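Chemist: Sending over target.pdb (PDB, C-alpha atoms).
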```
ATOM      1  CA  ILE G   8      15.039 -56.536 -34.878  1.00  0.00           C
ATOM      2  CA  HIS G   9      16.428 -56.751 -38.423  1.00  0.00           C
ATOM      3  CA  GLU G  10      14.829 -59.662 -40.280  1.00  0.00           C
ATOM      4  CA  THR G  11      17.874 -61.407 -41.760  1.00  0.00           C
ATOM      5  CA  SER G  12      20.736 -60.549 -39.432  1.00  0.00           C
ATOM      6  CA  LYS G  13      18.611 -60.512 -36.253  1.00  0.00           C
ATOM      7  CA  GLU G  14      20.419 -57.295 -35.412  1.00  0.00           C
ATOM      8  CA  LEU G  15      18.674 -55.089 -32.854  1.00  0.00           C
ATOM      9  CA  MET G  16      18.283 -51.537 -34.155  1.00  0.00           C
ATOM     10  CA  VAL G  17      17.831 -48.949 -31.406  1.00  0.00           C
ATOM     11  CA  LEU G  18      16.850 -45.329 -31.898  1.00  0.00           C
ATOM     12  CA  ARG G  19      18.932 -42.691 -30.174  1.00  0.00           C
ATOM     13  CA  PRO G  20      17.071 -40.386 -27.744  1.00  0.00           C
ATOM     14  CA  TYR G  21      16.852 -37.450 -30.186  1.00  0.00           C
ATOM     15  CA  GLN G  22      15.397 -39.787 -32.836  1.00  0.00           C
ATOM     16  CA  ILE G  23      12.751 -41.007 -30.383  1.00  0.00           C
ATOM     17  CA  TYR G  24      11.798 -37.410 -29.544  1.00  0.00           C
ATOM     18  CA  GLY G  25      11.542 -36.593 -33.262  1.00  0.00           C
ATOM     19  CA  VAL G  26       9.309 -39.602 -33.933  1.00  0.00           C
ATOM     20  CA  GLU G  27       7.106 -38.814 -30.933  1.00  0.00           C
ATOM     21  CA  LYS G  28       6.611 -35.208 -32.051  1.00  0.00           C
ATOM     22  CA  ILE G  29       5.478 -36.242 -35.560  1.00  0.00           C
ATOM     23  CA  VAL G  30       3.158 -38.972 -34.251  1.00  0.00           C
ATOM     24  CA  GLU G  31       1.701 -36.512 -31.728  1.00  0.00           C
ATOM     25  CA  GLN G  32       0.909 -34.012 -34.504  1.00  0.00           C
ATOM     26  CA  VAL G  33      -0.967 -36.669 -36.514  1.00  0.00           C
ATOM     27  CA  ARG G  34      -2.834 -38.021 -33.479  1.00  0.00           C
ATOM     28  CA  ASN G  35      -3.913 -34.540 -32.394  1.00  0.00           C
ATOM     29  CA  THR G  36      -4.950 -33.686 -35.970  1.00  0.00           C
ATOM     30  CA  LYS G  37      -2.575 -30.748 -36.070  1.00  0.00           C
ATOM     31  CA  GLN G  38      -1.297 -29.964 -39.503  1.00  0.00           C
ATOM     32  CA  ASN G  39       2.422 -29.760 -40.176  1.00  0.00           C
ATOM     33  CA  GLY G  40       5.901 -29.306 -38.732  1.00  0.00           C
ATOM     34  CA  TYR G  41       9.584 -29.859 -39.367  1.00  0.00           C
ATOM     35  CA  ILE G  42      12.427 -31.767 -37.722  1.00  0.00           C
ATOM     36  CA  TRP G  43      15.873 -30.146 -37.637  1.00  0.00           C
ATOM     37  CA  HIS G  44      18.308 -33.061 -37.338  1.00  0.00           C
ATOM     38  CA  THR G  45      21.841 -32.506 -38.549  1.00  0.00           C
ATOM     39  CA  THR G  46      23.351 -34.331 -41.539  1.00  0.00           C
ATOM     40  CA  GLY G  47      24.614 -37.793 -40.597  1.00  0.00           C
ATOM     41  CA  SER G  48      22.323 -38.147 -37.586  1.00  0.00           C
ATOM     42  CA  GLY G  49      20.092 -40.869 -39.055  1.00  0.00           C
ATOM     43  CA  LYS G  50      17.124 -38.933 -40.472  1.00  0.00           C
ATOM     44  CA  THR G  51      16.072 -41.864 -42.662  1.00  0.00           C
ATOM     45  CA  LEU G  52      15.672 -44.211 -39.693  1.00  0.00           C
ATOM     46  CA  THR G  53      13.765 -41.508 -37.801  1.00  0.00           C
ATOM     47  CA  SER G  54      11.408 -40.963 -40.730  1.00  0.00           C
ATOM     48  CA  PHE G  55      10.953 -44.714 -41.198  1.00  0.00           C
ATOM     49  CA  LYS G  56       9.991 -45.281 -37.562  1.00  0.00           C
ATOM     50  CA  ALA G  57       7.541 -42.379 -37.690  1.00  0.00           C
ATOM     51  CA  SER G  58       6.044 -43.789 -40.917  1.00  0.00           C
ATOM     52  CA  GLN G  59       5.799 -47.277 -39.404  1.00  0.00           C
ATOM     53  CA  ILE G  60       3.821 -46.021 -36.395  1.00  0.00           C
ATOM     54  CA  ILE G  61       1.624 -43.627 -38.385  1.00  0.00           C
ATOM     55  CA  MET G  62       0.622 -46.251 -40.958  1.00  0.00           C
ATOM     56  CA  LYS G  63      -0.948 -48.329 -38.170  1.00  0.00           C
ATOM     57  CA  MET G  64      -3.392 -45.555 -37.305  1.00  0.00           C
ATOM     58  CA  PRO G  65      -6.809 -46.645 -38.606  1.00  0.00           C
ATOM     59  CA  ASP G  66      -7.693 -43.277 -40.157  1.00  0.00           C
ATOM     60  CA  VAL G  67      -4.420 -42.858 -42.099  1.00  0.00           C
ATOM     61  CA  GLU G  68      -4.668 -44.076 -45.675  1.00  0.00           C
ATOM     62  CA  LYS G  69      -1.077 -43.537 -46.894  1.00  0.00           C
ATOM     63  CA  VAL G  70       2.316 -42.349 -45.760  1.00  0.00           C
ATOM     64  CA  LEU G  71       4.306 -40.783 -48.620  1.00  0.00           C
ATOM     65  CA  PHE G  72       8.051 -40.348 -48.160  1.00  0.00           C
ATOM     66  CA  VAL G  73       9.156 -37.844 -50.798  1.00  0.00           C
ATOM     67  CA  VAL G  74      12.750 -37.527 -51.989  1.00  0.00           C
ATOM     68  CA  ASP G  75      14.311 -35.477 -54.763  1.00  0.00           C
ATOM     69  CA  ARG G  76      16.437 -37.589 -57.097  1.00  0.00           C
ATOM     70  CA  LYS G  77      16.168 -41.044 -58.646  1.00  0.00           C
ATOM     71  CA  ASP G  78      19.367 -42.270 -57.040  1.00  0.00           C
ATOM     72  CA  LEU G  79      18.194 -40.990 -53.647  1.00  0.00           C
ATOM     73  CA  ASP G  80      14.858 -42.757 -54.249  1.00  0.00           C
ATOM     74  CA  TYR G  81      16.703 -46.081 -54.674  1.00  0.00           C
ATOM     75  CA  GLN G  82      19.046 -45.348 -51.792  1.00  0.00           C
ATOM     76  CA  THR G  83      16.115 -44.591 -49.466  1.00  0.00           C
ATOM     77  CA  MET G  84      14.313 -47.747 -50.575  1.00  0.00           C
ATOM     78  CA  LYS G  85      17.392 -49.799 -49.675  1.00  0.00           C
ATOM     79  CA  GLU G  86      17.556 -48.075 -46.284  1.00  0.00           C
ATOM     80  CA  TYR G  87      13.858 -48.728 -45.579  1.00  0.00           C
ATOM     81  CA  ASP G  88      14.289 -52.350 -46.665  1.00  0.00           C
ATOM     82  CA  ARG G  89      17.191 -52.665 -44.252  1.00  0.00           C
ATOM     83  CA  PHE G  90      14.932 -51.590 -41.394  1.00  0.00           C
ATOM     84  CA  GLU G  91      12.024 -53.864 -42.404  1.00  0.00           C
ATOM     85  CA  LYS G  92      12.054 -55.939 -45.584  1.00  0.00           C
ATOM     86  CA  GLY G  93       9.149 -55.091 -47.877  1.00  0.00           C
ATOM     87  CA  ALA G  94       7.679 -52.446 -45.559  1.00  0.00           C
ATOM     88  CA  ALA G  95       7.829 -49.692 -48.179  1.00  0.00           C
ATOM     89  CA  ASN G  96       7.029 -49.462 -51.872  1.00  0.00           C
ATOM     90  CA  SER G  97       9.033 -47.440 -54.375  1.00  0.00           C
ATOM     91  CA  ASN G  98       8.100 -46.691 -57.971  1.00  0.00           C
ATOM     92  CA  THR G  99       9.858 -46.232 -61.287  1.00  0.00           C
ATOM     93  CA  SER G 100       7.062 -44.291 -62.987  1.00  0.00           C
ATOM     94  CA  THR G 101       4.071 -42.093 -62.239  1.00  0.00           C
ATOM     95  CA  ALA G 102       1.782 -44.890 -63.498  1.00  0.00           C
ATOM     96  CA  ILE G 103       3.160 -47.236 -60.801  1.00  0.00           C
ATOM     97  CA  LEU G 104       2.774 -44.490 -58.187  1.00  0.00           C
ATOM     98  CA  LYS G 105      -0.891 -44.126 -59.211  1.00  0.00           C
ATOM     99  CA  LYS G 106      -1.477 -47.876 -58.770  1.00  0.00           C
ATOM    100  CA  GLN G 107       0.213 -47.828 -55.357  1.00  0.00           C
ATOM    101  CA  LEU G 108      -1.950 -44.927 -54.217  1.00  0.00           C
ATOM    102  CA  GLU G 109      -5.016 -46.951 -55.246  1.00  0.00           C
ATOM    103  CA  LYS G 110      -3.942 -50.210 -53.537  1.00  0.00           C
ATOM    104  CA  SER G 111      -5.053 -50.554 -49.921  1.00  0.00           C
ATOM    105  CA  ASP G 112      -2.063 -52.750 -48.951  1.00  0.00           C
ATOM    106  CA  CYS G 113       0.531 -50.156 -50.100  1.00  0.00           C
ATOM    107  CA  LYS G 114       0.730 -48.111 -46.923  1.00  0.00           C
ATOM    108  CA  ILE G 115       4.239 -46.573 -47.074  1.00  0.00           C
ATOM    109  CA  ILE G 116       5.240 -45.254 -50.492  1.00  0.00           C
ATOM    110  CA  ILE G 117       8.646 -43.804 -51.368  1.00  0.00           C
ATOM    111  CA  THR G 118       8.475 -41.508 -54.370  1.00  0.00           C
ATOM    112  CA  THR G 119      10.298 -38.562 -55.897  1.00  0.00           C
ATOM    113  CA  ILE G 120       8.998 -35.012 -55.783  1.00  0.00           C
ATOM    114  CA  GLN G 121       8.941 -35.062 -59.593  1.00  0.00           C
ATOM    115  CA  LYS G 122       6.664 -38.139 -59.828  1.00  0.00           C
ATOM    116  CA  LEU G 123       4.290 -36.875 -57.147  1.00  0.00           C
ATOM    117  CA  SER G 124       4.065 -33.543 -58.959  1.00  0.00           C
ATOM    118  CA  ILE G 125       3.153 -35.258 -62.250  1.00  0.00           C
ATOM    119  CA  PHE G 126       0.569 -37.466 -60.489  1.00  0.00           C
ATOM    120  CA  ILE G 127      -1.163 -34.445 -58.933  1.00  0.00           C
ATOM    121  CA  GLU G 128      -1.148 -32.591 -62.248  1.00  0.00           C
ATOM    122  CA  LYS G 129      -2.592 -35.514 -64.256  1.00  0.00           C
ATOM    123  CA  ASN G 130      -5.136 -36.865 -61.745  1.00  0.00           C
ATOM    124  CA  LYS G 131      -7.363 -33.979 -60.723  1.00  0.00           C
ATOM    125  CA  GLY G 132     -10.144 -35.108 -58.382  1.00  0.00           C
ATOM    126  CA  HIS G 133      -8.535 -38.488 -57.598  1.00  0.00           C
ATOM    127  CA  GLU G 134     -10.116 -40.240 -54.598  1.00  0.00           C
ATOM    128  CA  VAL G 135      -6.827 -40.269 -52.660  1.00  0.00           C
ATOM    129  CA  PHE G 136      -7.083 -36.486 -52.275  1.00  0.00           C
ATOM    130  CA  ASP G 137     -10.083 -36.956 -49.948  1.00  0.00           C
ATOM    131  CA  LYS G 138      -8.291 -39.461 -47.694  1.00  0.00           C
ATOM    132  CA  LYS G 139      -5.963 -38.787 -44.765  1.00  0.00           C
ATOM    133  CA  VAL G 140      -2.439 -38.804 -46.156  1.00  0.00           C
ATOM    134  CA  VAL G 141       0.788 -38.066 -44.282  1.00  0.00           C
ATOM    135  CA  ILE G 142       3.531 -36.625 -46.523  1.00  0.00           C
ATOM    136  CA  ILE G 143       7.121 -36.570 -45.260  1.00  0.00           C
ATOM    137  CA  PHE G 144       9.787 -34.653 -47.183  1.00  0.00           C
ATOM    138  CA  ASP G 145      13.418 -35.719 -46.947  1.00  0.00           C
ATOM    139  CA  GLU G 146      15.696 -32.646 -47.120  1.00  0.00           C
ATOM    140  CA  CYS G 147      12.726 -30.377 -47.520  1.00  0.00           C
ATOM    141  CA  HIS G 148      14.272 -27.488 -49.470  1.00  0.00           C
ATOM    142  CA  ARG G 149      14.738 -28.544 -53.059  1.00  0.00           C
ATOM    143  CA  SER G 150      14.315 -26.481 -56.193  1.00  0.00           C
ATOM    144  CA  GLN G 151      10.791 -27.753 -56.903  1.00  0.00           C
ATOM    145  CA  PHE G 152       9.465 -27.675 -53.356  1.00  0.00           C
ATOM    146  CA  GLY G 153       7.540 -24.383 -53.682  1.00  0.00           C
ATOM    147  CA  ASP G 154       5.501 -25.611 -56.648  1.00  0.00           C
ATOM    148  CA  MET G 155       4.962 -28.976 -54.933  1.00  0.00           C
ATOM    149  CA  HIS G 156       3.750 -27.321 -51.724  1.00  0.00           C
ATOM    150  CA  VAL G 157       1.168 -25.261 -53.629  1.00  0.00           C
ATOM    151  CA  ALA G 158      -0.021 -28.359 -55.514  1.00  0.00           C
ATOM    152  CA  ILE G 159      -0.384 -30.413 -52.298  1.00  0.00           C
ATOM    153  CA  VAL G 160      -2.339 -27.686 -50.490  1.00  0.00           C
ATOM    154  CA  LYS G 161      -4.675 -27.276 -53.478  1.00  0.00           C
ATOM    155  CA  SER G 162      -5.262 -31.009 -54.036  1.00  0.00           C
ATOM    156  CA  PHE G 163      -5.112 -32.927 -50.743  1.00  0.00           C
ATOM    157  CA  LYS G 164      -8.008 -32.218 -48.364  1.00  0.00           C
ATOM    158  CA  LYS G 165      -6.783 -34.135 -45.279  1.00  0.00           C
ATOM    159  CA  TYR G 166      -3.015 -33.978 -45.316  1.00  0.00           C
ATOM    160  CA  HIS G 167      -0.197 -33.703 -42.791  1.00  0.00           C
ATOM    161  CA  LEU G 168       3.069 -32.289 -44.132  1.00  0.00           C
ATOM    162  CA  PHE G 169       6.380 -32.903 -42.379  1.00  0.00           C
ATOM    163  CA  GLY G 170       9.904 -31.954 -43.409  1.00  0.00           C
ATOM    164  CA  PHE G 171      13.311 -33.243 -42.324  1.00  0.00           C
ATOM    165  CA  THR G 172      16.289 -30.975 -42.754  1.00  0.00           C
ATOM    166  CA  GLY G 173      19.834 -30.592 -41.519  1.00  0.00           C
ATOM    167  CA  THR G 174      19.973 -26.998 -42.801  1.00  0.00           C
ATOM    168  CA  PRO G 175      16.746 -25.104 -42.050  1.00  0.00           C
ATOM    169  CA  ILE G 176      16.158 -21.779 -43.775  1.00  0.00           C
ATOM    170  CA  PHE G 177      15.471 -18.792 -41.530  1.00  0.00           C
ATOM    171  CA  PRO G 178      14.583 -15.214 -42.571  1.00  0.00           C
ATOM    172  CA  VAL G 179      18.237 -14.168 -42.261  1.00  0.00           C
ATOM    173  CA  ASN G 180      19.418 -16.700 -44.876  1.00  0.00           C
ATOM    174  CA  ALA G 181      16.289 -16.902 -47.055  1.00  0.00           C
ATOM    175  CA  ASN G 182      16.654 -16.584 -50.814  1.00  0.00           C
ATOM    176  CA  THR G 183      15.090 -13.257 -51.831  1.00  0.00           C
ATOM    177  CA  GLY G 184      14.721 -14.368 -55.436  1.00  0.00           C
ATOM    178  CA  ILE G 185      12.618 -17.438 -54.640  1.00  0.00           C
ATOM    179  CA  LYS G 186       9.469 -17.929 -56.732  1.00  0.00           C
ATOM    180  CA  HIS G 187       6.979 -18.343 -53.859  1.00  0.00           C
ATOM    181  CA  ALA G 188       7.536 -15.405 -51.515  1.00  0.00           C
ATOM    182  CA  ASN G 189       5.422 -16.968 -48.744  1.00  0.00           C
ATOM    183  CA  LEU G 190       7.511 -20.156 -48.753  1.00  0.00           C
ATOM    184  CA  LYS G 191      10.982 -18.690 -48.285  1.00  0.00           C
ATOM    185  CA  THR G 192      11.689 -20.157 -44.851  1.00  0.00           C
ATOM    186  CA  THR G 193      11.323 -23.650 -43.429  1.00  0.00           C
ATOM    187  CA  GLU G 194       8.755 -22.379 -40.930  1.00  0.00           C
ATOM    188  CA  GLN G 195       6.646 -20.782 -43.642  1.00  0.00           C
ATOM    189  CA  ALA G 196       6.619 -24.031 -45.618  1.00  0.00           C
ATOM    190  CA  PHE G 197       6.168 -26.542 -42.797  1.00  0.00           C
ATOM    191  CA  GLY G 198       5.002 -24.706 -39.694  1.00  0.00           C
ATOM    192  CA  ASP G 199       6.419 -25.202 -36.232  1.00  0.00           C
ATOM    193  CA  LYS G 200       9.835 -26.672 -35.512  1.00  0.00           C
ATOM    194  CA  LEU G 201       9.000 -29.931 -33.720  1.00  0.00           C
ATOM    195  CA  HIS G 202      12.460 -31.024 -32.602  1.00  0.00           C
ATOM    196  CA  THR G 203      16.080 -29.898 -32.943  1.00  0.00           C
ATOM    197  CA  TYR G 204      19.356 -31.837 -32.956  1.00  0.00           C
ATOM    198  CA  THR G 205      22.104 -29.613 -34.333  1.00  0.00           C
ATOM    199  CA  ILE G 206      25.665 -30.294 -35.507  1.00  0.00           C
ATOM    200  CA  VAL G 207      26.862 -28.911 -32.147  1.00  0.00           C
ATOM    201  CA  ASP G 208      24.712 -31.459 -30.298  1.00  0.00           C
ATOM    202  CA  ALA G 209      25.959 -34.266 -32.539  1.00  0.00           C
ATOM    203  CA  ILE G 210      29.633 -33.322 -32.071  1.00  0.00           C
ATOM    204  CA  ASN G 211      29.208 -33.063 -28.293  1.00  0.00           C
ATOM    205  CA  ASP G 212      27.551 -36.496 -28.254  1.00  0.00           C
ATOM    206  CA  LYS G 213      30.324 -37.881 -30.515  1.00  0.00           C
ATOM    207  CA  ASN G 214      27.700 -39.027 -33.028  1.00  0.00           C
ATOM    208  CA  VAL G 215      29.419 -37.283 -35.961  1.00  0.00           C
ATOM    209  CA  LEU G 216      33.036 -36.393 -36.692  1.00  0.00           C
ATOM    210  CA  THR G 217      34.306 -33.020 -35.572  1.00  0.00           C
ATOM    211  CA  PHE G 218      35.564 -30.522 -38.139  1.00  0.00           C
ATOM    212  CA  ARG G 219      37.651 -27.364 -38.167  1.00  0.00           C
ATOM    213  CA  VAL G 220      37.271 -24.308 -40.372  1.00  0.00           C
ATOM    214  CA  ASP G 221      40.421 -22.394 -41.345  1.00  0.00           C
ATOM    215  CA  TYR G 222      40.429 -19.095 -43.199  1.00  0.00           C
ATOM    216  CA  ILE G 223      43.328 -18.712 -45.601  1.00  0.00           C
ATOM    217  CA  LYS G 224      43.800 -15.316 -47.187  1.00  0.00           C
ATOM    218  CA  THR G 225      44.801 -15.753 -50.826  1.00  0.00           C
ATOM    219  CA  MET G 226      44.836 -12.184 -52.150  1.00  0.00           C
ATOM    220  CA  GLU G 227      45.329  -8.649 -50.917  1.00  0.00           C
ATOM    221  CA  ALA G 228      42.641  -6.036 -51.485  1.00  0.00           C
ATOM    222  CA  GLU G 229      43.575  -2.575 -52.668  1.00  0.00           C
ATOM    223  CA  PRO G 230      43.204   0.085 -49.942  1.00  0.00           C
ATOM    224  CA  ASP G 231      40.256   2.532 -49.993  1.00  0.00           C
ATOM    225  CA  ILE G 232      37.966   0.369 -52.156  1.00  0.00           C
ATOM    226  CA  ASP G 233      34.257   0.561 -51.370  1.00  0.00           C
ATOM    227  CA  ASP G 234      32.018  -2.469 -51.844  1.00  0.00           C
ATOM    228  CA  LYS G 235      29.473  -2.022 -54.625  1.00  0.00           C
ATOM    229  CA  GLN G 236      26.339  -4.012 -55.550  1.00  0.00           C
ATOM    230  CA  VAL G 237      26.693  -5.890 -58.828  1.00  0.00           C
ATOM    231  CA  ALA G 238      24.208  -7.854 -60.906  1.00  0.00           C
TER     232      ALA G 238
END
```
Take the structure in the file and write it out as structure tokens.

Modeler:
Amino acid sequence: IHETSKELMVLRPYQIYGVEKIVEQVRNTKQNGYIWHTTGSGKTLTSFKASQIIMKMPDVEKVLFVVDRKDLDYQTMKEYDRFEKGAANSNTSTAILKKQLEKSDCKIIITTIQKLSIFIEKNKGHEVFDKKVVIIFDECHRSQFGDMHVAIVKSFKKYHLFGFTGTPIFPVNANTGIKHANLKTTEQAFGDKLHTYTIVDAINDKNVLTFRVDYIKTMEAEPDIDDKQVA
């Protein structure tokens, strides 16, 4: 129940399944996984509920919710606050992030991928790396994710890594020019797909607006022209 408005917030079935899959992975000490929930389906609430349950596990030290931009950081903080006032901690600098990681009462921390990257780089051998930490990535394919993934795997000894995405990357649509060749697809980066709720599911359930795609031809191609690779 929301603190101020006393409004009851209820998860939809697909959100419950997503939360259960993440919690199950942490409980069974399995490593990673990703949730494919379409845009507009309430991924933030799903991630919050998972974080809320995980942080109560006695062996989990921290839950880090990692976002990409400063404005998204603030937006996510507002969303988390709407679900439970004061449940999460955000930070405006890497120094504040460091303090939060060292405070036992800061259980859920919202931070940007940039700040977490700087913290890992500047604090080699920090004690938090030896503790059980659950790291959840919002929209898990950003430009810096490959470098961040490598840094996490090298630094954290007891980590669980989870990604939320509405647009997973499969071999057929992977970027061939990506820096880390072994992290091209969502599965390579996060492991097994834990739960799926696609745009088709959401439209059928009337949880998102329908859309229509029209193709409008705007120019005629010359006859007998062969396609050619260009730089």

Chemist: What residues come out when you apply the PyMOL selection byres ((chain G and resi 207) around 12) to this file, written as a ChimeraX atom specification?

Modeler: /G:44-46,48,173,203-206,208-218

Chemist: What gap, in Å, lies between CA of Val135 in chain G and CA of Asn39 in chain G?

Modeler: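 Computed distance, CA of Val135 in chain G to CA of Asn39 in chain G, equals 18.8 Å.
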
Chemist: Kindly give the distance, in Å, that separates CA of Pro178 in chain G and CA of Thr192 in chain G, rounded to a single decimal.

Modeler: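 Distance reported for this atom pair: 6.2 Å.
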
Chemist: So which residues touch Lys106 in chain G within 12 Å, counting only C-alpha atoms, skipping near sequence neighbours fewer than 2 positions away, as an NGL selection string?

Modeler: :G and (96-104 or 108-113 or 116 or 126 or 130 or 133 or 135)

Chemist: Go through the shown structure with the PyMOL selection byres ((chain G and resi 124) around 12) and write out the matching residues as a tab-separated table (two decimals) with C-alpha atoms, keeping the file's coordinate frame.

Modeler:
```tsv
chain	number	residue	atom	x	y	z
G	73	VAL	CA	9.16	-37.84	-50.80
G	74	VAL	CA	12.75	-37.53	-51.99
G	75	ASP	CA	14.31	-35.48	-54.76
G	100	SER	CA	7.06	-44.29	-62.99
G	101	THR	CA	4.07	-42.09	-62.24
G	104	LEU	CA	2.77	-44.49	-58.19
G	105	LYS	CA	-0.89	-44.13	-59.21
G	118	THR	CA	8.48	-41.51	-54.37
G	119	THR	CA	10.30	-38.56	-55.90
G	120	ILE	CA	9.00	-35.01	-55.78
G	121	GLN	CA	8.94	-35.06	-59.59
G	122	LYS	CA	6.66	-38.14	-59.83
G	123	LEU	CA	4.29	-36.88	-57.15
G	125	ILE	CA	3.15	-35.26	-62.25
G	126	PHE	CA	0.57	-37.47	-60.49
G	127	ILE	CA	-1.16	-34.44	-58.93
G	128	GLU	CA	-1.15	-32.59	-62.25
G	129	LYS	CA	-2.59	-35.51	-64.26
G	130	ASN	CA	-5.14	-36.86	-61.74
G	131	LYS	CA	-7.36	-33.98	-60.72
G	151	GLN	CA	10.79	-27.75	-56.90
G	152	PHE	CA	9.46	-27.68	-53.36
G	153	GLY	CA	7.54	-24.38	-53.68
G	154	ASP	CA	5.50	-25.61	-56.65
G	155	MET	CA	4.96	-28.98	-54.93
G	156	HIS	CA	3.75	-27.32	-51.72
G	157	VAL	CA	1.17	-25.26	-53.63
G	158	ALA	CA	-0.02	-28.36	-55.51
G	159	ILE	CA	-0.38	-30.41	-52.30
G	162	SER	CA	-5.26	-31.01	-54.04
```

Chemist: Report as a count of residues only the residues that result from applying the PyMOL selection byres ((chain G and resi 55-72) around 6) to the structure here.

Modeler: 14

Chemist: For Thr36 in chain G, which of G:Ile176, G:Lys191, G:Tyr166, G:Arg76 is the closest residue, counting only C-alpha atoms?

Modeler: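 Nearest to Thr36 in chain G: G:Tyr166.
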
Chemist: Excluding Gln32 in chain G and its own-chain neighbours fewer than 2 positions away, which residues fall within 12 Å of it when counting only C-alpha atoms? Please give them as a ChimeraX atom specification.

Modeler: /G:25-30,34-41,57,61,141,166-169,198-201

Chemist: Can I get the selected residues back with C-alpha atoms, as an mmCIF file, in the frame of the given file?

Modeler:
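To be explicit, this is the file written out as part16.cif:
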```cif
data_model
loop_
_atom_site.group_PDB
_atom_site.id
_atom_site.type_symbol
_atom_site.label_atom_id
_atom_site.label_comp_id
_atom_site.auth_asym_id
_atom_site.auth_seq_id
_atom_site.Cartn_x
_atom_site.Cartn_y
_atom_site.Cartn_z
ATOM 1 C CA GLY G 25 11.542 -36.593 -33.262
ATOM 2 C CA VAL G 26 9.309 -39.602 -33.933
ATOM 3 C CA GLU G 27 7.106 -38.814 -30.933
ATOM 4 C CA LYS G 28 6.611 -35.208 -32.051
ATOM 5 C CA ILE G 29 5.478 -36.242 -35.560
ATOM 6 C CA VAL G 30 3.158 -38.972 -34.251
ATOM 7 C CA ARG G 34 -2.834 -38.021 -33.479
ATOM 8 C CA ASN G 35 -3.913 -34.540 -32.394
ATOM 9 C CA THR G 36 -4.950 -33.686 -35.970
ATOM 10 C CA LYS G 37 -2.575 -30.748 -36.070
ATOM 11 C CA GLN G 38 -1.297 -29.964 -39.503
ATOM 12 C CA ASN G 39 2.422 -29.760 -40.176
ATOM 13 C CA GLY G 40 5.901 -29.306 -38.732
ATOM 14 C CA TYR G 41 9.584 -29.859 -39.367
ATOM 15 C CA ALA G 57 7.541 -42.379 -37.690
ATOM 16 C CA ILE G 61 1.624 -43.627 -38.385
ATOM 17 C CA VAL G 141 0.788 -38.066 -44.282
ATOM 18 C CA TYR G 166 -3.015 -33.978 -45.316
ATOM 19 C CA HIS G 167 -0.197 -33.703 -42.791
ATOM 20 C CA LEU G 168 3.069 -32.289 -44.132
ATOM 21 C CA PHE G 169 6.380 -32.903 -42.379
ATOM 22 C CA GLY G 198 5.002 -24.706 -39.694
ATOM 23 C CA ASP G 199 6.419 -25.202 -36.232
ATOM 24 C CA LYS G 200 9.835 -26.672 -35.512
ATOM 25 C CA LEU G 201 9.000 -29.931 -33.720
#
```

Chemist: What is the distance, in Å and to one decimal place, between CA of Gly47 in chain G and CA of Ile223 in chain G?

Modeler: 27.2 Å

Chemist: For a quick check of understanding, using only C-alpha atoms, which of G:Pro230, G:Ala94, G:Phe171, G:Lys186 has the smallest distance to Gln22 in chain G?

Modeler: G:Phe171

Chemist: May I ask which of the residues G:Pro175, G:Gly93, G:Gly170, G:Gly49 is the closest one to Phe197 in chain G, counting only C-alpha atoms?

Modeler: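 When distances to Phe197 in chain G are compared using only C-alpha atoms, the smallest one comes from G:Gly170.
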
Chemist: Compare G:Glu91, G:Ala228, G:Thr83, G:Trp43 by their minimum atom-to-atom distance to Glu14 in chain G, counting only C-alpha atoms, and give me the closest one.

Modeler: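 Among G:Glu91, G:Ala228, G:Thr83, G:Trp43, it is G:Glu91 that comes nearest to Glu14 in chain G.
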
Chemist: Output as a PDB file, in the coordinates of the input: range 204-213 of chain G, completed with N, CA and C atoms.

Modeler:
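The new file result.pdb reads:
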```pdb
ATOM      1  N   TYR G 204      18.118 -31.152 -33.331  1.00  0.00           N
ATOM      2  CA  TYR G 204      19.356 -31.837 -32.956  1.00  0.00           C
ATOM      3  C   TYR G 204      20.419 -31.312 -33.910  1.00  0.00           C
ATOM      4  N   THR G 205      21.186 -30.332 -33.448  1.00  0.00           N
ATOM      5  CA  THR G 205      22.104 -29.613 -34.333  1.00  0.00           C
ATOM      6  C   THR G 205      23.455 -30.309 -34.446  1.00  0.00           C
ATOM      7  N   ILE G 206      24.302 -29.776 -35.331  1.00  0.00           N
ATOM      8  CA  ILE G 206      25.665 -30.294 -35.507  1.00  0.00           C
ATOM      9  C   ILE G 206      26.451 -30.157 -34.203  1.00  0.00           C
ATOM     10  N   VAL G 207      26.185 -29.101 -33.437  1.00  0.00           N
ATOM     11  CA  VAL G 207      26.862 -28.911 -32.147  1.00  0.00           C
ATOM     12  C   VAL G 207      26.480 -30.029 -31.185  1.00  0.00           C
ATOM     13  N   ASP G 208      25.175 -30.351 -31.144  1.00  0.00           N
ATOM     14  CA  ASP G 208      24.712 -31.459 -30.298  1.00  0.00           C
ATOM     15  C   ASP G 208      25.385 -32.768 -30.709  1.00  0.00           C
ATOM     16  N   ALA G 209      25.418 -33.007 -32.019  1.00  0.00           N
ATOM     17  CA  ALA G 209      25.959 -34.266 -32.539  1.00  0.00           C
ATOM     18  C   ALA G 209      27.456 -34.398 -32.246  1.00  0.00           C
ATOM     19  N   ILE G 210      28.193 -33.290 -32.371  1.00  0.00           N
ATOM     20  CA  ILE G 210      29.633 -33.322 -32.071  1.00  0.00           C
ATOM     21  C   ILE G 210      29.854 -33.569 -30.577  1.00  0.00           C
ATOM     22  N   ASN G 211      29.084 -32.878 -29.746  1.00  0.00           N
ATOM     23  CA  ASN G 211      29.208 -33.063 -28.293  1.00  0.00           C
ATOM     24  C   ASN G 211      28.893 -34.491 -27.868  1.00  0.00           C
ATOM     25  N   ASP G 212      27.934 -35.109 -28.567  1.00  0.00           N
ATOM     26  CA  ASP G 212      27.551 -36.496 -28.254  1.00  0.00           C
ATOM     27  C   ASP G 212      28.468 -37.513 -28.921  1.00  0.00           C
ATOM     28  N   LYS G 213      29.417 -37.019 -29.753  1.00  0.00           N
ATOM     29  CA  LYS G 213      30.324 -37.881 -30.515  1.00  0.00           C
ATOM     30  C   LYS G 213      29.570 -38.796 -31.496  1.00  0.00           C
TER      31      LYS G 213
END
```
